[in-house]
Amino acid sequence: MQQDAIKRHRHRYLYSTPRVCCNIHSDAKLKDPFSLAQKDLQDLYEDIKKQLLVSKAELKALCDYYFDGKGKAFRPLIVILMARACNVHSNKEGILLPAQRSIAMISEMIHTASLVHDDVIDDSDTRRGKNTINKVWGEKKAILAGDFILSAASMALARIGNNTVVSVLSQVIEDLVRGEFMQLGSKENENERFKHYLEKTFKKTASLIANSCKAVSILVNSDPEVHEIAYQYGRNVGIAFQLVDDILDFTSCANRLGKPSAADLKLGLATGPVLFACQQFPELHAMIMRRFSTDGDVDRAWQYVLKSDGVEQTNYLAQHYCQEAIRQISRLRPSTERDALIRLTELVLRRDK
């Protein structure tokens, strides 16, 4: 199934494709994505807080809790760079439109609301180095806070006044819910299981990035081909981002502390490294089906992954998704922002947290 997932479709190119993958060409090395978008990202979290104006002090504290400026702002970064790249491609200045910046804010609000709800579902104690909202205020208030952030994002979306954009970003909410339900289940058949995993990964992580990129392209260009380029870049980078995230669950703490995190295994989740390892160690199949619920399952599964090439295969798959993202974005007119989006794929693959 993984071979099917990394097949690349053939489209005609609008512009020539730079020969780029993990080794970025010298021009793109100069285009640091974060410094390029710094001005547009400035005050992003403060502006989000203005969207969450409430009179009740406790609700405001809950809603502001994760908008402290300590997040990676990965989604707004991509959205801002994509918006400016599409603006240049459309023979307009690369300056960000107010509605495009609103979409960057909305993407971070939707993402944060989903984190609040995920922490309740997973019964998580910590997030971004501090106690989770559900740990501090309890599950009921955490759920309400997540709902309120979503409602504020919906109101900000409505104010943009573009029905197509509203429709595109509304799909994200549906995908988040469907993805969460998919995560609660598993598949008996190995090929179906991998397809299930990739589809769940798209819905829970990549859909938000893909549809936000598409939304900012719609605001400046009427060409469906440009919309598809933006969408496919976001889709492929989003899936790669989550694949690397799944790898880090096995490697990050092991490298730094000498002991595993295995957070996903403890939640009963079989991610890419485990699914690849299962091809070499069929003993994992039974553990996957019972969601690592028997004593010793987590440790045994961890050992099987370490003995296998599961991490390496998952990283290889992430590279293929980044290559496809590069191929897509390279069809836009050359610009500083386009090069920064190419460079961003390298940063996704090399991140260690």
# chains A, B, ... in the order shown; residues from 1 in each chain; ligands from 1
>>> residues_around(residues="Leu248 of chain A", least_positions_apart="4", cutoff="8 Å", atoms="only C-alpha atoms", output="short mmCIF file (atom, residue, chain, number, x, y, z; two decimals) with all heavy atoms, in the first residue's frame")
data_model
loop_
_atom_site.label_atom_id
_atom_site.label_comp_id
_atom_site.auth_asym_id
_atom_site.auth_seq_id
_atom_site.Cartn_x
_atom_site.Cartn_y
_atom_site.Cartn_z
N VAL A 244 6.87 12.61 9.95
CA VAL A 244 8.05 12.93 10.76
C VAL A 244 7.67 12.98 12.23
O VAL A 244 8.43 12.52 13.10
CB VAL A 244 8.68 14.26 10.30
CG1 VAL A 244 9.79 14.70 11.25
CG2 VAL A 244 9.23 14.13 8.88
N SER A 252 13.02 10.90 19.18
CA SER A 252 13.40 12.15 19.84
C SER A 252 13.88 11.92 21.26
O SER A 252 14.99 12.28 21.63
CB SER A 252 12.23 13.13 19.85
OG SER A 252 12.62 14.35 20.42
N CYS A 253 13.04 11.28 22.07
CA CYS A 253 13.43 11.05 23.46
C CYS A 253 14.56 10.03 23.56
O CYS A 253 15.39 10.12 24.46
CB CYS A 253 12.22 10.57 24.28
SG CYS A 253 11.03 11.88 24.60
N ASP A 352 13.59 18.15 14.68
CA ASP A 352 13.82 17.16 15.73
C ASP A 352 12.89 17.35 16.93
O ASP A 352 13.10 16.77 17.99
CB ASP A 352 15.28 17.21 16.19
CG ASP A 352 15.68 18.58 16.73
OD1 ASP A 352 14.81 19.48 16.80
OD2 ASP A 352 16.86 18.75 17.07
N LYS A 353 11.85 18.16 16.75
CA LYS A 353 10.86 18.32 17.81
C LYS A 353 9.57 18.84 17.24
O LYS A 353 9.51 19.25 16.09
CB LYS A 353 11.36 19.27 18.89
CG LYS A 353 11.64 20.69 18.42
CD LYS A 353 12.13 21.55 19.56
CE LYS A 353 12.39 22.99 19.07
NZ LYS A 353 12.83 23.87 20.15
#
>>> residues_around(residues="Lys214 of chain A", least_positions_apart="6", cutoff="8 Å", atoms="only C-alpha atoms", output="PyMOL selection string")
chain A and resi 168+227-228+230-231
>>> write_last_selection(atoms="N, CA, C and O atoms", output="PDB file, in the first residue's frame")
ATOM      1  N   VAL A 168     -14.515  25.773   1.502  1.00  0.00           N
ATOM      2  CA  VAL A 168     -13.228  25.065   1.533  1.00  0.00           C
ATOM      3  C   VAL A 168     -12.761  24.835   2.970  1.00  0.00           C
ATOM      4  O   VAL A 168     -12.352  23.727   3.344  1.00  0.00           O
ATOM      5  N   HIS A 227      -5.300  26.764  -7.780  1.00  0.00           N
ATOM      6  CA  HIS A 227      -5.901  26.286  -6.527  1.00  0.00           C
ATOM      7  C   HIS A 227      -5.422  24.867  -6.209  1.00  0.00           C
ATOM      8  O   HIS A 227      -5.132  24.540  -5.051  1.00  0.00           O
ATOM      9  N   GLU A 228      -5.337  24.034  -7.250  1.00  0.00           N
ATOM     10  CA  GLU A 228      -4.917  22.644  -7.059  1.00  0.00           C
ATOM     11  C   GLU A 228      -3.436  22.562  -6.684  1.00  0.00           C
ATOM     12  O   GLU A 228      -3.046  21.727  -5.856  1.00  0.00           O
ATOM     13  N   ALA A 230      -1.759  24.823  -4.975  1.00  0.00           N
ATOM     14  CA  ALA A 230      -1.692  25.234  -3.569  1.00  0.00           C
ATOM     15  C   ALA A 230      -2.181  24.108  -2.659  1.00  0.00           C
ATOM     16  O   ALA A 230      -1.552  23.809  -1.632  1.00  0.00           O
ATOM     17  N   TYR A 231      -3.291  23.489  -3.048  1.00  0.00           N
ATOM     18  CA  TYR A 231      -3.870  22.401  -2.254  1.00  0.00           C
ATOM     19  C   TYR A 231      -2.904  21.222  -2.158  1.00  0.00           C
ATOM     20  O   TYR A 231      -2.670  20.680  -1.069  1.00  0.00           O
TER      21      TYR A 231
END
>>> residues_around(residues="Leu53 of chain A", least_positions_apart="4", cutoff="12 Å", atoms="only C-alpha atoms", output="list of chain:residue names")
A:Glu46, A:Asp47, A:Ile48, A:Lys49, A:Ala57, A:Glu58, A:Leu59, A:Lys60, A:Ala61, A:Leu62, A:Cys63, A:Asp64, A:Phe148, A:Ile149, A:Ser151, A:Ala152
>>> atom_distance(atom1="atom CA of Lys200 of chain A", atom2="atom CA of Glu180 of chain A")
7.6 Å
>>> residues_around(residues="segment 261-278 of chain A", least_positions_apart="3", cutoff="7 Å", atoms="only C-alpha atoms", output="number ranges by chain")
A: 194, 243, 246-247, 249-250, 253, 281-282, 284-285, 288, 291-293, 298, 304-305, 308-311, 313-314
>>> residues_around(residues="segment 109-111 of chain A", least_positions_apart="4", cutoff="7 Å", atoms="only C-alpha atoms", output="list of chain:residue names")
A:Met105, A:Leu115, A:Ile149, A:Leu150, A:Ala153
>>> write_last_selection(atoms="all heavy atoms", output="mmCIF file, in the first residue's frame")
data_model
loop_
_atom_site.group_PDB
_atom_site.id
_atom_site.type_symbol
_atom_site.label_atom_id
_atom_site.label_comp_id
_atom_site.auth_asym_id
_atom_site.auth_seq_id
_atom_site.Cartn_x
_atom_site.Cartn_y
_atom_site.Cartn_z
ATOM 1 N N MET A 105 -4.615 33.253 10.455
ATOM 2 C CA MET A 105 -5.079 33.258 11.842
ATOM 3 C C MET A 105 -6.095 32.150 12.078
ATOM 4 O O MET A 105 -6.023 31.418 13.078
ATOM 5 C CB MET A 105 -5.704 34.614 12.182
ATOM 6 C CG MET A 105 -4.719 35.754 12.265
ATOM 7 S SD MET A 105 -5.552 37.369 12.349
ATOM 8 C CE MET A 105 -6.721 37.106 13.662
ATOM 9 N N LEU A 115 -6.317 20.730 19.150
ATOM 10 C CA LEU A 115 -5.386 20.264 20.183
ATOM 11 C C LEU A 115 -6.074 20.176 21.543
ATOM 12 O O LEU A 115 -5.856 19.228 22.304
ATOM 13 C CB LEU A 115 -4.180 21.213 20.288
ATOM 14 C CG LEU A 115 -3.241 21.319 19.085
ATOM 15 C CD1 LEU A 115 -2.077 22.236 19.417
ATOM 16 C CD2 LEU A 115 -2.739 19.951 18.655
ATOM 17 N N ILE A 149 -13.280 28.482 20.709
ATOM 18 C CA ILE A 149 -12.242 28.883 19.747
ATOM 19 C C ILE A 149 -12.699 28.574 18.328
ATOM 20 O O ILE A 149 -12.512 29.377 17.407
ATOM 21 C CB ILE A 149 -10.903 28.173 20.062
ATOM 22 C CG1 ILE A 149 -10.368 28.638 21.416
ATOM 23 C CG2 ILE A 149 -9.873 28.459 18.967
ATOM 24 C CD1 ILE A 149 -9.195 27.819 21.938
ATOM 25 N N LEU A 150 -13.331 27.405 18.135
ATOM 26 C CA LEU A 150 -13.864 27.046 16.818
ATOM 27 C C LEU A 150 -14.942 28.018 16.371
ATOM 28 O O LEU A 150 -15.007 28.393 15.196
ATOM 29 C CB LEU A 150 -14.435 25.623 16.845
ATOM 30 C CG LEU A 150 -13.487 24.473 16.499
ATOM 31 C CD1 LEU A 150 -14.238 23.152 16.558
ATOM 32 C CD2 LEU A 150 -12.859 24.658 15.121
ATOM 33 N N ALA A 153 -13.347 31.182 15.238
ATOM 34 C CA ALA A 153 -12.739 30.977 13.917
ATOM 35 C C ALA A 153 -13.810 31.015 12.833
ATOM 36 O O ALA A 153 -13.595 31.586 11.752
ATOM 37 C CB ALA A 153 -11.997 29.641 13.888
#
>>> closest_residue(among="A:Tyr66, A:Ala104, A:Ser217, A:Ala99", to="Leu41 of chain A", atoms="only C-alpha atoms")
A:Ala104
>>> select_by_dssp(residues="segment 72-271 of chain A", states="alpha helix (DSSP H)", output="number ranges by chain")
A: 74-89, 98-122, 133-137, 139-160, 163-183, 190-201, 207-218, 224-257, 263-266
>>> select_by_dssp(residues="segment 28-244 of chain A", states="strand (DSSP E or B)", output="list in words")
Thr126, Arg127, Lys130 and Asn131 of chain A
>>> atom_distance(atom1="atom CA of Ser207 of chain A", atom2="atom CA of Lys39 of chain A")
25.9 Å
>>> closest_residue(among="A:Glu337, A:Glu312, A:Asp118, A:Asp43", to="Leu176 of chain A", atoms="only C-alpha atoms")
A:Asp118
>>> atom_distance(atom1="atom CA of His117 of chain A", atom2="atom CA of Gln42 of chain A")
26.7 Å
>>> residues_around(residues="Ile95 of chain A", least_positions_apart="4", cutoff="9 Å", atoms="only C-alpha atoms", output="list in words")
Ala83, Arg84, Asn87 and Val88 of chain A
>>> write_last_selection(atoms="all heavy atoms", output="CSV table (one decimal), in the first residue's frame")
chain,number,residue,atom,x,y,z
A,83,ALA,N,0.3,32.3,0.2
A,83,ALA,CA,-0.5,33.5,-0.2
A,83,ALA,C,0.3,34.4,-1.0
A,83,ALA,O,0.0,34.9,-2.1
A,83,ALA,CB,-1.1,34.2,1.0
A,84,ARG,N,1.5,34.7,-0.5
A,84,ARG,CA,2.4,35.7,-1.2
A,84,ARG,C,2.9,35.1,-2.5
A,84,ARG,O,3.1,35.8,-3.5
A,84,ARG,CB,3.5,36.1,-0.3
A,84,ARG,CG,3.0,37.0,0.8
A,84,ARG,CD,4.0,37.3,1.9
A,84,ARG,NE,5.3,37.9,1.4
A,84,ARG,CZ,6.3,38.2,2.2
A,84,ARG,NH1,6.2,38.1,3.5
A,84,ARG,NH2,7.4,38.7,1.7
A,87,ASN,N,0.2,35.4,-5.0
A,87,ASN,CA,0.0,36.8,-5.4
A,87,ASN,C,1.0,37.2,-6.5
A,87,ASN,O,0.7,37.8,-7.5
A,87,ASN,CB,0.2,37.7,-4.2
A,87,ASN,CG,-0.9,37.5,-3.1
A,87,ASN,OD1,-1.9,36.8,-3.4
A,87,ASN,ND2,-0.8,38.2,-2.0
A,88,VAL,N,2.3,36.7,-6.3
A,88,VAL,CA,3.3,37.0,-7.3
A,88,VAL,C,3.0,36.3,-8.6
A,88,VAL,O,3.1,36.8,-9.7
A,88,VAL,CB,4.7,36.6,-6.8
A,88,VAL,CG1,5.7,36.6,-7.9
A,88,VAL,CG2,5.1,37.4,-5.6
>>> residues_around(residues="Ile329 of chain A", least_positions_apart="3", cutoff="9 Å", atoms="only C-alpha atoms", output="PyMOL selection string")
chain A and resi 17+82+229-230+232-233+324-326+332-333+338-339+341-342
